[in-house]
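J.: File model-v1.csv follows (CSV, C-alpha atoms and all ligand atoms):
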```
chain,number,residue,atom,x,y,z
G,780,MET,CA,-88.6,72.9,150.9
G,781,ALA,CA,-89.5,69.7,149.3
G,782,LYS,CA,-88.4,67.9,152.4
G,783,ALA,CA,-90.4,70.2,154.6
G,784,LYS,CA,-93.5,69.5,152.5
G,785,ARG,CA,-93.0,65.8,152.7
G,786,THR,CA,-92.6,66.0,156.5
G,787,ALA,CA,-95.8,68.0,156.8
G,788,LYS,CA,-97.6,65.5,154.6
G,789,ALA,CA,-96.2,62.5,156.6
G,790,LYS,CA,-97.2,64.2,159.8
G,791,ARG,CA,-100.8,64.7,158.6
G,792,ALA,CA,-101.0,61.1,157.4
G,793,GLY,CA,-99.7,60.0,160.8
G,794,LYS,CA,-102.3,62.1,162.6
G,795,ALA,CA,-105.1,60.7,160.4
G,796,LYS,CA,-103.9,57.2,161.1
G,797,THR,CA,-103.8,57.7,164.9
G,798,LYS,CA,-107.3,59.2,164.8
G,799,SER,CA,-108.9,56.3,162.9
G,800,ALA,CA,-107.0,53.7,164.9
G,801,ARG,CA,-108.5,55.0,168.2
G,802,PRO,CA,-111.8,53.1,168.5
G,803,LYS,CA,-114.9,55.1,169.0
G,804,PRO,CA,-116.6,54.2,172.3
G,805,ILE,CA,-119.5,51.7,172.3
G,806,GLU,CA,-122.7,52.9,173.9
G,807,LEU,CA,-123.7,50.4,176.6
G,808,TYR,CA,-127.4,50.5,177.4
G,809,TYR,CA,-127.3,48.9,180.8
G,810,TRP,CA,-128.7,48.3,184.3
G,811,PRO,CA,-126.7,46.4,186.9
G,812,THR,CA,-128.2,42.9,186.7
G,813,PRO,CA,-126.8,39.5,185.7
G,814,ASN,CA,-127.8,40.1,182.1
G,815,GLY,CA,-126.1,43.5,182.1
G,816,PHE,CA,-122.9,42.2,183.8
G,817,LYS,CA,-122.3,39.9,180.8
G,818,ILE,CA,-121.6,42.9,178.6
G,819,SER,CA,-119.8,45.1,181.1
G,820,ILE,CA,-117.5,42.1,181.8
G,821,MET,CA,-116.8,41.5,178.1
G,822,LEU,CA,-116.1,45.2,177.5
G,823,GLU,CA,-113.8,45.3,180.4
G,824,GLU,CA,-112.0,42.1,179.4
G,825,CYS,CA,-111.4,43.4,175.9
G,826,ARG,CA,-110.5,46.9,177.2
G,827,LEU,CA,-113.0,48.4,174.7
G,828,PRO,CA,-113.9,52.0,175.4
G,829,TYR,CA,-117.6,52.5,176.2
G,830,ILE,CA,-120.1,55.0,177.4
G,831,LEU,CA,-122.5,53.9,180.0
G,832,LYS,CA,-126.1,54.7,179.2
G,833,PRO,CA,-128.1,53.6,182.3
G,834,VAL,CA,-131.6,52.2,181.5
G,835,ASN,CA,-133.5,52.4,184.8
G,836,ILE,CA,-135.8,49.5,184.3
G,837,SER,CA,-137.6,50.0,187.6
G,838,LYS,CA,-138.7,53.4,186.3
G,839,GLY,CA,-139.8,52.2,182.9
G,840,GLU,CA,-136.9,53.7,180.9
G,841,GLN,CA,-136.8,50.6,178.8
G,842,PHE,CA,-140.1,51.8,177.1
G,843,THR,CA,-138.8,55.2,175.8
G,844,PRO,CA,-139.1,55.5,172.0
G,845,GLU,CA,-135.3,56.1,171.8
G,846,PHE,CA,-134.5,52.8,173.6
G,847,LEU,CA,-137.2,50.8,171.7
G,848,LYS,CA,-135.5,51.8,168.5
G,849,ILE,CA,-132.4,49.9,169.8
G,850,SER,CA,-134.1,47.1,171.6
G,851,LEU,CA,-137.7,46.5,170.5
G,852,ASN,CA,-138.0,43.9,173.2
G,853,ASN,CA,-137.8,46.5,175.9
G,854,ARG,CA,-135.0,44.7,177.6
G,855,MET,CA,-131.5,45.7,178.4
G,856,PRO,CA,-128.6,45.1,177.7
G,857,ALA,CA,-128.1,46.6,174.3
G,858,ILE,CA,-125.2,48.3,172.6
G,859,VAL,CA,-124.6,50.7,169.8
G,860,ASP,CA,-121.3,50.4,168.1
G,861,PRO,CA,-120.6,53.5,166.1
G,862,ASP,CA,-117.8,51.6,164.3
G,863,GLY,CA,-119.9,48.6,163.1
G,864,PRO,CA,-119.5,46.6,160.0
G,865,GLY,CA,-118.5,48.7,157.0
G,866,GLY,CA,-117.6,51.5,159.4
G,867,ARG,CA,-121.3,52.3,160.0
G,868,PRO,CA,-123.1,52.2,163.4
G,869,ILE,CA,-124.9,49.0,164.4
G,870,SER,CA,-127.2,48.4,167.3
G,871,ILE,CA,-127.7,45.0,169.0
G,872,PHE,CA,-130.0,43.6,171.7
G,873,GLU,CA,-129.9,40.2,173.4
G,874,SER,CA,-126.9,39.6,175.6
G,875,GLY,CA,-125.8,36.4,173.8
G,876,ALA,CA,-125.8,38.1,170.4
G,877,ILE,CA,-123.9,41.0,171.8
G,878,LEU,CA,-121.3,38.7,173.3
G,879,GLN,CA,-120.8,36.9,170.0
G,880,TYR,CA,-120.6,40.2,168.1
G,881,LEU,CA,-117.9,41.6,170.5
G,882,GLY,CA,-116.1,38.3,170.4
G,883,ARG,CA,-116.0,38.4,166.5
G,884,LYS,CA,-115.1,42.1,166.5
G,885,THR,CA,-112.1,41.7,168.9
G,886,GLY,CA,-111.2,38.1,168.1
G,887,LYS,CA,-111.1,37.5,171.9
G,888,PHE,CA,-112.9,34.9,174.1
G,889,TYR,CA,-114.8,33.5,171.1
G,890,PRO,CA,-112.6,31.2,169.1
G,891,ALA,CA,-112.7,31.0,165.3
G,892,ASP,CA,-111.8,27.3,165.2
G,893,GLU,CA,-115.1,25.5,164.5
G,894,ARG,CA,-114.8,22.8,167.2
G,895,GLN,CA,-113.8,25.3,169.9
G,896,LYS,CA,-116.5,27.7,168.7
G,897,VAL,CA,-119.2,25.0,169.0
G,898,GLU,CA,-118.0,24.3,172.6
G,899,VAL,CA,-118.5,27.9,173.5
G,900,GLU,CA,-121.8,28.3,171.7
G,901,GLN,CA,-123.5,25.2,173.2
G,902,TRP,CA,-122.7,26.5,176.7
G,903,LEU,CA,-123.6,30.1,175.8
G,904,PHE,CA,-127.0,29.0,174.5
G,905,TRP,CA,-127.4,26.7,177.5
G,906,GLN,CA,-127.0,29.8,179.7
G,907,MET,CA,-129.4,31.8,177.5
G,908,GLY,CA,-132.1,29.2,177.4
G,909,GLY,CA,-131.6,27.6,180.8
G,910,VAL,CA,-129.7,29.1,183.7
G,911,GLY,CA,-130.8,32.7,182.9
G,912,PRO,CA,-134.5,32.2,182.5
G,913,MET,CA,-134.7,29.5,185.3
G,914,ALA,CA,-132.7,31.5,187.9
G,915,GLY,CA,-134.7,34.6,186.8
G,916,GLN,CA,-137.9,32.8,187.7
G,917,VAL,CA,-136.4,31.8,191.1
G,918,HIS,CA,-135.5,35.4,191.8
G,919,HIS,CA,-139.1,36.4,190.8
G,920,PHE,CA,-141.1,33.8,192.9
G,921,LYS,CA,-138.7,33.7,195.8
G,922,ASN,CA,-137.7,37.3,196.2
G,923,TYR,CA,-140.1,39.6,194.4
G,924,ALA,CA,-143.5,38.0,194.3
G,925,VAL,CA,-145.9,39.4,196.9
G,926,GLU,CA,-147.7,36.0,197.1
G,927,THR,CA,-145.8,32.9,198.3
G,928,LEU,CA,-146.3,30.2,195.6
G,929,THR,CA,-144.6,27.1,197.0
G,930,TYR,CA,-145.1,25.1,193.8
G,931,ALA,CA,-143.5,27.7,191.6
G,932,ILE,CA,-140.6,28.3,194.0
G,933,ASN,CA,-139.9,24.5,194.2
G,934,ARG,CA,-140.1,24.0,190.5
G,935,TYR,CA,-137.6,26.7,189.6
G,936,VAL,CA,-135.3,26.1,192.6
G,937,ASN,CA,-135.1,22.4,191.6
G,938,GLU,CA,-134.4,23.2,188.0
G,939,VAL,CA,-131.6,25.6,188.9
G,940,ASN,CA,-130.3,22.9,191.2
G,941,ARG,CA,-130.3,20.4,188.3
G,942,LEU,CA,-128.5,22.9,186.0
G,943,TYR,CA,-125.8,23.7,188.7
G,944,GLY,CA,-125.3,19.9,189.0
G,945,VAL,CA,-124.7,19.8,185.2
G,946,MET,CA,-122.1,22.6,185.5
G,947,ASN,CA,-120.5,20.9,188.4
G,948,VAL,CA,-119.9,17.7,186.4
G,949,ARG,CA,-118.7,19.7,183.4
G,950,LEU,CA,-116.2,21.6,185.6
G,951,LYS,CA,-114.8,18.5,187.2
G,952,ASP,CA,-111.9,18.3,184.8
G,953,ARG,CA,-111.6,21.7,183.3
G,954,ASP,CA,-111.1,25.3,184.6
G,955,PHE,CA,-113.7,26.9,182.4
G,956,ILE,CA,-117.0,25.8,181.0
G,957,ALA,CA,-115.8,25.5,177.4
G,958,GLY,CA,-112.2,24.6,178.3
G,959,ARG,CA,-110.6,28.0,177.9
G,960,TYR,CA,-112.1,31.2,179.5
G,961,SER,CA,-114.7,32.5,177.1
G,962,ILE,CA,-117.9,34.5,176.6
G,963,ALA,CA,-119.8,31.5,177.9
G,964,ASP,CA,-118.2,32.0,181.4
G,965,MET,CA,-119.0,35.7,181.2
G,966,ALA,CA,-122.7,34.9,180.5
G,967,LEU,CA,-122.9,32.5,183.4
G,968,ILE,CA,-121.0,34.2,186.3
G,969,GLY,CA,-123.5,37.0,187.1
G,970,TRP,CA,-126.3,34.4,187.4
G,971,VAL,CA,-124.4,31.7,189.3
G,972,ASN,CA,-123.0,34.2,191.7
G,973,GLY,CA,-126.6,34.6,193.0
G,974,TRP,CA,-126.8,31.0,194.2
G,975,GLN,CA,-127.7,32.0,197.7
G,976,ARG,CA,-130.8,34.0,196.6
G,977,GLN,CA,-131.7,31.0,194.4
G,978,GLY,CA,-132.1,28.7,197.4
G,979,GLN,CA,-129.0,26.7,196.6
G,980,ASP,CA,-126.2,25.3,198.8
G,981,ILE,CA,-123.0,25.9,196.8
G,982,ASN,CA,-121.2,23.2,198.9
G,983,GLU,CA,-123.2,20.6,197.0
G,984,PHE,CA,-121.2,21.7,193.9
G,985,PRO,CA,-117.5,21.9,194.8
G,986,HIS,CA,-116.3,22.3,191.2
G,987,LEU,CA,-118.8,25.0,190.5
G,988,LYS,CA,-117.7,26.7,193.7
G,989,ALA,CA,-114.1,26.7,192.6
G,990,TRP,CA,-115.1,28.0,189.1
G,991,ILE,CA,-117.0,31.0,190.8
G,992,ASP,CA,-113.8,31.9,192.7
G,993,ARG,CA,-111.6,31.4,189.6
G,994,VAL,CA,-113.8,33.7,187.4
G,995,LYS,CA,-114.4,36.3,190.1
G,996,ALA,CA,-110.6,36.5,190.7
G,997,ARG,CA,-110.3,38.2,187.3
G,998,PRO,CA,-110.0,42.0,187.7
G,999,ALA,CA,-112.2,42.6,184.6
G,1000,VAL,CA,-115.0,40.5,186.0
G,1001,GLN,CA,-114.8,42.5,189.3
G,1002,ARG,CA,-115.0,45.7,187.4
G,1003,GLY,CA,-117.8,44.5,185.2
G,1004,MET,CA,-119.9,43.2,188.1
G,1005,SER,CA,-119.5,46.4,190.1
G,1006,LEU,CA,-120.4,48.7,187.2
G,1007,GLY,CA,-123.2,51.0,188.2
G,1008,LEU,CA,-124.2,49.1,191.4
G,1009,GLU,CA,-124.8,52.4,193.1
G,1010,LEU,CA,-127.7,53.1,190.6
G,1011,ARG,CA,-129.8,50.3,192.1
G,1012,GLN,CA,-129.4,51.5,195.7
G,1013,GLY,CA,-132.6,52.1,197.5
G,1014,ILE,CA,-134.8,50.4,194.9
G,1015,ASP,CA,-137.3,48.1,196.5
G,1016,MET,CA,-138.4,45.4,194.1
G,1017,LYS,CA,-141.6,45.0,196.2
G,1018,ASP,CA,-142.6,48.6,195.8
G,1019,PRO,CA,-146.0,48.5,194.0
G,1020,LYS,CA,-144.8,51.2,191.6
G,1021,VAL,CA,-141.8,49.2,190.6
G,1022,GLN,CA,-143.8,46.0,190.3
G,1023,ALA,CA,-146.4,47.8,188.1
G,1024,VAL,CA,-143.6,48.7,185.7
G,1025,LEU,CA,-141.8,45.3,185.6
G,1026,PHE,CA,-144.4,42.6,186.2
G,1027,GLY,CA,-147.6,41.8,184.3
G,1028,GLN,CA,-146.4,43.4,181.1
G,1029,ARG,CA,-148.6,42.7,178.0
G,1030,ALA,CA,-148.3,43.5,174.3
G,1031,ARG,CA,-148.3,47.1,173.5
G,1032,ALA,CA,-150.0,48.7,170.5
G,1033,GLY,CA,-147.5,49.0,167.6
S,1,LIG,N1,-132.8,37.5,176.9
S,1,LIG,C1,-132.5,38.9,177.2
S,1,LIG,C2,-133.0,39.1,178.6
S,1,LIG,C3,-132.7,40.5,179.1
S,1,LIG,C4,-133.5,40.9,180.3
S,1,LIG,O1,-134.4,40.1,180.8
S,1,LIG,N2,-133.3,42.1,180.8
S,1,LIG,C5,-134.1,42.5,182.0
S,1,LIG,C6,-133.2,42.9,183.1
S,1,LIG,S1,-132.2,41.5,183.7
S,1,LIG,C7,-134.8,43.8,181.6
S,1,LIG,O2,-134.3,44.6,180.8
S,1,LIG,N3,-136.0,44.0,182.0
S,1,LIG,C8,-136.9,45.1,181.7
S,1,LIG,C9,-138.3,44.7,181.8
S,1,LIG,O3,-138.7,43.6,182.3
S,1,LIG,O4,-139.1,45.5,181.3
S,1,LIG,C10,-131.0,39.1,177.2
S,1,LIG,O5,-130.3,38.1,177.6
S,1,LIG,O6,-130.5,40.1,176.8
```
Output the structure of this file as C-alpha cells.
T.:
Amino acid sequence: MAKAKRTAKAKRAGKAKTKSARPKPIELYYWPTPNGFKISIMLEECRLPYILKPVNISKGEQFTPEFLKISLNNRMPAIVDPDGPGGRPISIFESGAILQYLGRKTGKFYPADERQKVEVEQWLFWQMGGVGPMAGQVHHFKNYAVETLTYAINRYVNEVNRLYGVMNVRLKDRDFIAGRYSIADMALIGWVNGWQRQGQDINEFPHLKAWIDRVKARPAVQRGMSLGLELRQGIDMKDPKVQAVLFGQRARAG
C-alpha cells in the first residue's frame, strides 16, 4: 500500500515536471517582411514553439488598441512570451530587442562571453540603424513611391551600396558577420536578400554573395523566410488605400 502510494505520488510529480518543462508557445505578431523574418528565423533556429498572430499592416491592423498595448510604435514584429522573467508574461517590440531577449532566454546565437557578445551587438546595431532603414528607404522610393524622385533613389541606393561594401570586406575572411552564426546574421539576411530590388549588383560583392548562399542554406532560415508569405499575395503596395494606411503617418492623439 505504502509502495502504491509512493508510486502514485512519484507519477504525479513526474507529470507535473513534464507539464512545466514543456514551454508555452510564444505569440509572434508578424507580417512577412524583412523585419518579421528576423524573428521567425530565430524562433525556427531555436525550435521554440510559437503561435502566429498575423498583423496585416496594409489594412492598418498595427493600429488596433490590442496591438498598440504590445507595440506602442505601431510596428511589427512583436512578441508576447507567456513564460517571461519570473514566470510571468512579457511583451517586447523592436526586432533587435526581441532577438537579444530570445538569445538570452535560450542561450543560443547570442554569446555570453563579453568579447563575442560585443562583436554580435555591433553588427546587430549596424543592421538596425543602417542596413534596415537605408534599404527600407530604397524600397520606398524605388518600388512604392508614386512619384519618381531620382535624388532620393540615388541617395539610398548609394548608401546601401556602401553598406554592402562594408559587409563584403568584413566577410572576406569569416563565414558569418560576427565570426560564428548569430542573431546579427538573422537580422541581416532578410534585408540583404532583397539586393535586386535595392538596385544592387551582387556580383560586386562576392563575399557577401557567398554569405547569402551560406545563410539561406540553413533549413531554419528557409522556414523563417517563407512563414506567411501567402498572406501578402495580391497586395499592391501602390494601391491608394494601402498607401493611405502606410505612408504619411503622423502623430496620433494619446
Ligand atoms: N525598428 C523596427 C522597425 C519595424 C518596422 O518598420 N516594421 C514595419 C514593417 S517592416 C511595420 O510594422 N510597418 C507598419 C507601419 O508602417 O505602420 C523593428 O526593427 O522592429
J.: Set the cut-off to 9 Å, count all atoms listed in the file, and list whatever residues fall near ligand LIG 1 (chain S) as a PDB file with C-alpha atoms, keeping the file's coordinate frame.
T.:
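The resulting part.pdb:
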```pdb
ATOM      1  CA  TYR G 809    -127.300  48.900 180.800  1.00  0.00           C
ATOM      2  CA  TRP G 810    -128.700  48.300 184.300  1.00  0.00           C
ATOM      3  CA  PRO G 811    -126.700  46.400 186.900  1.00  0.00           C
ATOM      4  CA  THR G 812    -128.200  42.900 186.700  1.00  0.00           C
ATOM      5  CA  PRO G 813    -126.800  39.500 185.700  1.00  0.00           C
ATOM      6  CA  ASN G 814    -127.800  40.100 182.100  1.00  0.00           C
ATOM      7  CA  GLY G 815    -126.100  43.500 182.100  1.00  0.00           C
ATOM      8  CA  LYS G 817    -122.300  39.900 180.800  1.00  0.00           C
ATOM      9  CA  VAL G 834    -131.600  52.200 181.500  1.00  0.00           C
ATOM     10  CA  ASN G 835    -133.500  52.400 184.800  1.00  0.00           C
ATOM     11  CA  ILE G 836    -135.800  49.500 184.300  1.00  0.00           C
ATOM     12  CA  SER G 837    -137.600  50.000 187.600  1.00  0.00           C
ATOM     13  CA  GLY G 839    -139.800  52.200 182.900  1.00  0.00           C
ATOM     14  CA  GLU G 840    -136.900  53.700 180.900  1.00  0.00           C
ATOM     15  CA  GLN G 841    -136.800  50.600 178.800  1.00  0.00           C
ATOM     16  CA  PHE G 842    -140.100  51.800 177.100  1.00  0.00           C
ATOM     17  CA  ASN G 852    -138.000  43.900 173.200  1.00  0.00           C
ATOM     18  CA  ASN G 853    -137.800  46.500 175.900  1.00  0.00           C
ATOM     19  CA  ARG G 854    -135.000  44.700 177.600  1.00  0.00           C
ATOM     20  CA  MET G 855    -131.500  45.700 178.400  1.00  0.00           C
ATOM     21  CA  PRO G 856    -128.600  45.100 177.700  1.00  0.00           C
ATOM     22  CA  ALA G 857    -128.100  46.600 174.300  1.00  0.00           C
ATOM     23  CA  PHE G 872    -130.000  43.600 171.700  1.00  0.00           C
ATOM     24  CA  GLU G 873    -129.900  40.200 173.400  1.00  0.00           C
ATOM     25  CA  SER G 874    -126.900  39.600 175.600  1.00  0.00           C
ATOM     26  CA  GLY G 875    -125.800  36.400 173.800  1.00  0.00           C
ATOM     27  CA  ALA G 876    -125.800  38.100 170.400  1.00  0.00           C
ATOM     28  CA  ILE G 877    -123.900  41.000 171.800  1.00  0.00           C
ATOM     29  CA  MET G 907    -129.400  31.800 177.500  1.00  0.00           C
ATOM     30  CA  GLY G 908    -132.100  29.200 177.400  1.00  0.00           C
ATOM     31  CA  GLY G 911    -130.800  32.700 182.900  1.00  0.00           C
ATOM     32  CA  PRO G 912    -134.500  32.200 182.500  1.00  0.00           C
ATOM     33  CA  GLY G 915    -134.700  34.600 186.800  1.00  0.00           C
ATOM     34  CA  ALA G 966    -122.700  34.900 180.500  1.00  0.00           C
ATOM     35  CA  VAL G1024    -143.600  48.700 185.700  1.00  0.00           C
ATOM     36  CA  LEU G1025    -141.800  45.300 185.600  1.00  0.00           C
ATOM     37  CA  PHE G1026    -144.400  42.600 186.200  1.00  0.00           C
ATOM     38  CA  GLN G1028    -146.400  43.400 181.100  1.00  0.00           C
TER      39      GLN G1028
END
```
J.: Could you pull the residues within 6 Å of range 993-1001 of chain G, counting all atoms listed in the file, minus those fewer than 3 positions along the same chain, as an MDAnalysis selection string?
T.: chainID G and resid 820 823:824 990 1004
J.: Compare G:Leu1006, G:Arg959, G:Lys803, G:Gln906 by their minimum atom-to-atom distance to Gly866 in chain G, counting only C-alpha atoms, and give me the closest one.
T.: G:Lys803
J.: What is the distance between CA of Val1021 in chain G and CA of Lys838 in chain G, in Å to one decimal?
T.: 6.8 Å
J.: Can you list, as a ChimeraX atom specification, every protein, DNA or RNA residue that comes within 12 Å of Pro828 in chain G when you count all atoms listed in the file, leaving out same-chain residues fewer than 3 positions away?
T.: /G:801-807,819,821-825,831,860-862
J.: Mind giving me the straight-line distance from CA of Met965 in chain G to CA of Phe816 in chain G in Å, one decimal?
T.: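 Going from CA of Met965 in chain G over to CA of Phe816 in chain G covers 8.0 Å.
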J.: What is the distance, in Å and to one decimal place, between CA of Ile962 in chain G and CA of Met1016 in chain G?
T.: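 Taking CA of Ile962 in chain G as the start and CA of Met1016 in chain G as the end point, the length is 29.1 Å.
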J.: Excluding range 925-932 of chain G and residues on its chain fewer than 5 positions from it, collect all residues at most 8 Å away from it, counting all atoms listed in the file, and give them as a list of chain:residue names.
T.: G:Val917, G:Phe920, G:Lys1017
J.: Kindly write all heavy atoms of range 799-809 of chain G from the structure just given to a file, as a PDB file, in the first residue's frame.
T.:
```
ATOM      1  N   SER G 799       5.492  21.412 -16.691  1.00  0.00           N
ATOM      2  CA  SER G 799       6.181  22.700 -16.586  1.00  0.00           C
ATOM      3  C   SER G 799       7.405  22.756 -17.501  1.00  0.00           C
ATOM      4  O   SER G 799       7.850  23.819 -17.874  1.00  0.00           O
ATOM      5  CB  SER G 799       6.585  22.960 -15.139  1.00  0.00           C
ATOM      6  OG  SER G 799       7.540  21.999 -14.763  1.00  0.00           O
ATOM      7  N   ALA G 800       7.946  21.583 -17.899  1.00  0.00           N
ATOM      8  CA  ALA G 800       9.121  21.579 -18.768  1.00  0.00           C
ATOM      9  C   ALA G 800       8.737  21.921 -20.209  1.00  0.00           C
ATOM     10  O   ALA G 800       9.561  22.363 -20.984  1.00  0.00           O
ATOM     11  CB  ALA G 800       9.794  20.220 -18.715  1.00  0.00           C
ATOM     12  N   ARG G 801       7.468  21.686 -20.544  1.00  0.00           N
ATOM     13  CA  ARG G 801       7.047  21.965 -21.922  1.00  0.00           C
ATOM     14  C   ARG G 801       6.825  23.469 -22.067  1.00  0.00           C
ATOM     15  O   ARG G 801       5.950  24.037 -21.393  1.00  0.00           O
ATOM     16  CB  ARG G 801       5.755  21.204 -22.226  1.00  0.00           C
ATOM     17  CG  ARG G 801       5.432  21.185 -23.717  1.00  0.00           C
ATOM     18  CD  ARG G 801       4.149  20.456 -24.014  1.00  0.00           C
ATOM     19  NE  ARG G 801       4.149  19.085 -23.509  1.00  0.00           N
ATOM     20  CZ  ARG G 801       3.075  18.484 -22.979  1.00  0.00           C
ATOM     21  NH1 ARG G 801       1.946  19.112 -22.853  1.00  0.00           N
ATOM     22  NH2 ARG G 801       3.150  17.242 -22.559  1.00  0.00           N
ATOM     23  N   PRO G 802       7.618  24.168 -22.924  1.00  0.00           N
ATOM     24  CA  PRO G 802       7.471  25.627 -22.977  1.00  0.00           C
ATOM     25  C   PRO G 802       6.140  26.051 -23.589  1.00  0.00           C
ATOM     26  O   PRO G 802       5.643  25.417 -24.511  1.00  0.00           O
ATOM     27  CB  PRO G 802       8.646  26.057 -23.868  1.00  0.00           C
ATOM     28  CG  PRO G 802       9.123  24.834 -24.569  1.00  0.00           C
ATOM     29  CD  PRO G 802       8.636  23.645 -23.823  1.00  0.00           C
ATOM     30  N   LYS G 803       5.582  27.101 -23.003  1.00  0.00           N
ATOM     31  CA  LYS G 803       4.327  27.634 -23.545  1.00  0.00           C
ATOM     32  C   LYS G 803       4.667  28.393 -24.831  1.00  0.00           C
ATOM     33  O   LYS G 803       5.685  29.097 -24.866  1.00  0.00           O
ATOM     34  CB  LYS G 803       3.710  28.622 -22.550  1.00  0.00           C
ATOM     35  CG  LYS G 803       3.163  27.949 -21.320  1.00  0.00           C
ATOM     36  CD  LYS G 803       2.473  28.994 -20.443  1.00  0.00           C
ATOM     37  CE  LYS G 803       2.511  28.609 -18.990  1.00  0.00           C
ATOM     38  NZ  LYS G 803       2.611  29.717 -18.069  1.00  0.00           N
ATOM     39  N   PRO G 804       3.841  28.294 -25.865  1.00  0.00           N
ATOM     40  CA  PRO G 804       4.197  28.956 -27.128  1.00  0.00           C
ATOM     41  C   PRO G 804       4.268  30.477 -26.999  1.00  0.00           C
ATOM     42  O   PRO G 804       3.472  31.093 -26.287  1.00  0.00           O
ATOM     43  CB  PRO G 804       3.090  28.536 -28.094  1.00  0.00           C
ATOM     44  CG  PRO G 804       2.047  27.893 -27.292  1.00  0.00           C
ATOM     45  CD  PRO G 804       2.595  27.540 -25.948  1.00  0.00           C
ATOM     46  N   ILE G 805       5.211  31.026 -27.709  1.00  0.00           N
ATOM     47  CA  ILE G 805       5.370  32.483 -27.779  1.00  0.00           C
ATOM     48  C   ILE G 805       4.406  33.004 -28.839  1.00  0.00           C
ATOM     49  O   ILE G 805       4.239  32.389 -29.896  1.00  0.00           O
ATOM     50  CB  ILE G 805       6.836  32.805 -28.151  1.00  0.00           C
ATOM     51  CG1 ILE G 805       7.739  32.496 -26.945  1.00  0.00           C
ATOM     52  CG2 ILE G 805       7.010  34.239 -28.643  1.00  0.00           C
ATOM     53  CD1 ILE G 805       9.217  32.617 -27.212  1.00  0.00           C
ATOM     54  N   GLU G 806       3.756  34.121 -28.554  1.00  0.00           N
ATOM     55  CA  GLU G 806       2.883  34.728 -29.575  1.00  0.00           C
ATOM     56  C   GLU G 806       3.745  35.620 -30.454  1.00  0.00           C
ATOM     57  O   GLU G 806       4.423  36.522 -29.945  1.00  0.00           O
ATOM     58  CB  GLU G 806       1.799  35.567 -28.902  1.00  0.00           C
ATOM     59  CG  GLU G 806       0.792  34.718 -28.143  1.00  0.00           C
ATOM     60  CD  GLU G 806      -0.199  35.565 -27.354  1.00  0.00           C
ATOM     61  OE1 GLU G 806      -0.204  36.808 -27.511  1.00  0.00           O
ATOM     62  OE2 GLU G 806      -0.959  34.968 -26.580  1.00  0.00           O
ATOM     63  N   LEU G 807       3.709  35.365 -31.737  1.00  0.00           N
ATOM     64  CA  LEU G 807       4.520  36.143 -32.691  1.00  0.00           C
ATOM     65  C   LEU G 807       3.604  37.053 -33.499  1.00  0.00           C
ATOM     66  O   LEU G 807       2.802  36.585 -34.314  1.00  0.00           O
ATOM     67  CB  LEU G 807       5.291  35.198 -33.625  1.00  0.00           C
ATOM     68  CG  LEU G 807       5.993  35.847 -34.822  1.00  0.00           C
ATOM     69  CD1 LEU G 807       7.068  36.836 -34.369  1.00  0.00           C
ATOM     70  CD2 LEU G 807       6.602  34.793 -35.744  1.00  0.00           C
ATOM     71  N   TYR G 808       3.702  38.347 -33.256  1.00  0.00           N
ATOM     72  CA  TYR G 808       2.942  39.357 -34.003  1.00  0.00           C
ATOM     73  C   TYR G 808       3.780  39.718 -35.211  1.00  0.00           C
ATOM     74  O   TYR G 808       4.879  40.276 -35.066  1.00  0.00           O
ATOM     75  CB  TYR G 808       2.620  40.563 -33.114  1.00  0.00           C
ATOM     76  CG  TYR G 808       1.644  40.181 -32.028  1.00  0.00           C
ATOM     77  CD1 TYR G 808       2.074  39.539 -30.871  1.00  0.00           C
ATOM     78  CD2 TYR G 808       0.284  40.388 -32.202  1.00  0.00           C
ATOM     79  CE1 TYR G 808       1.164  39.138 -29.896  1.00  0.00           C
ATOM     80  CE2 TYR G 808      -0.641  39.989 -31.231  1.00  0.00           C
ATOM     81  CZ  TYR G 808      -0.180  39.364 -30.087  1.00  0.00           C
ATOM     82  OH  TYR G 808      -1.083  38.961 -29.140  1.00  0.00           O
ATOM     83  N   TYR G 809       3.252  39.421 -36.385  1.00  0.00           N
ATOM     84  CA  TYR G 809       4.139  39.270 -37.539  1.00  0.00           C
ATOM     85  C   TYR G 809       3.444  39.579 -38.846  1.00  0.00           C
ATOM     86  O   TYR G 809       2.244  39.346 -39.011  1.00  0.00           O
ATOM     87  CB  TYR G 809       4.577  37.800 -37.516  1.00  0.00           C
ATOM     88  CG  TYR G 809       5.307  37.275 -38.715  1.00  0.00           C
ATOM     89  CD1 TYR G 809       6.696  37.300 -38.761  1.00  0.00           C
ATOM     90  CD2 TYR G 809       4.606  36.707 -39.790  1.00  0.00           C
ATOM     91  CE1 TYR G 809       7.377  36.776 -39.859  1.00  0.00           C
ATOM     92  CE2 TYR G 809       5.283  36.183 -40.882  1.00  0.00           C
ATOM     93  CZ  TYR G 809       6.675  36.213 -40.901  1.00  0.00           C
ATOM     94  OH  TYR G 809       7.350  35.704 -41.966  1.00  0.00           O
TER      95      TYR G 809
END
```
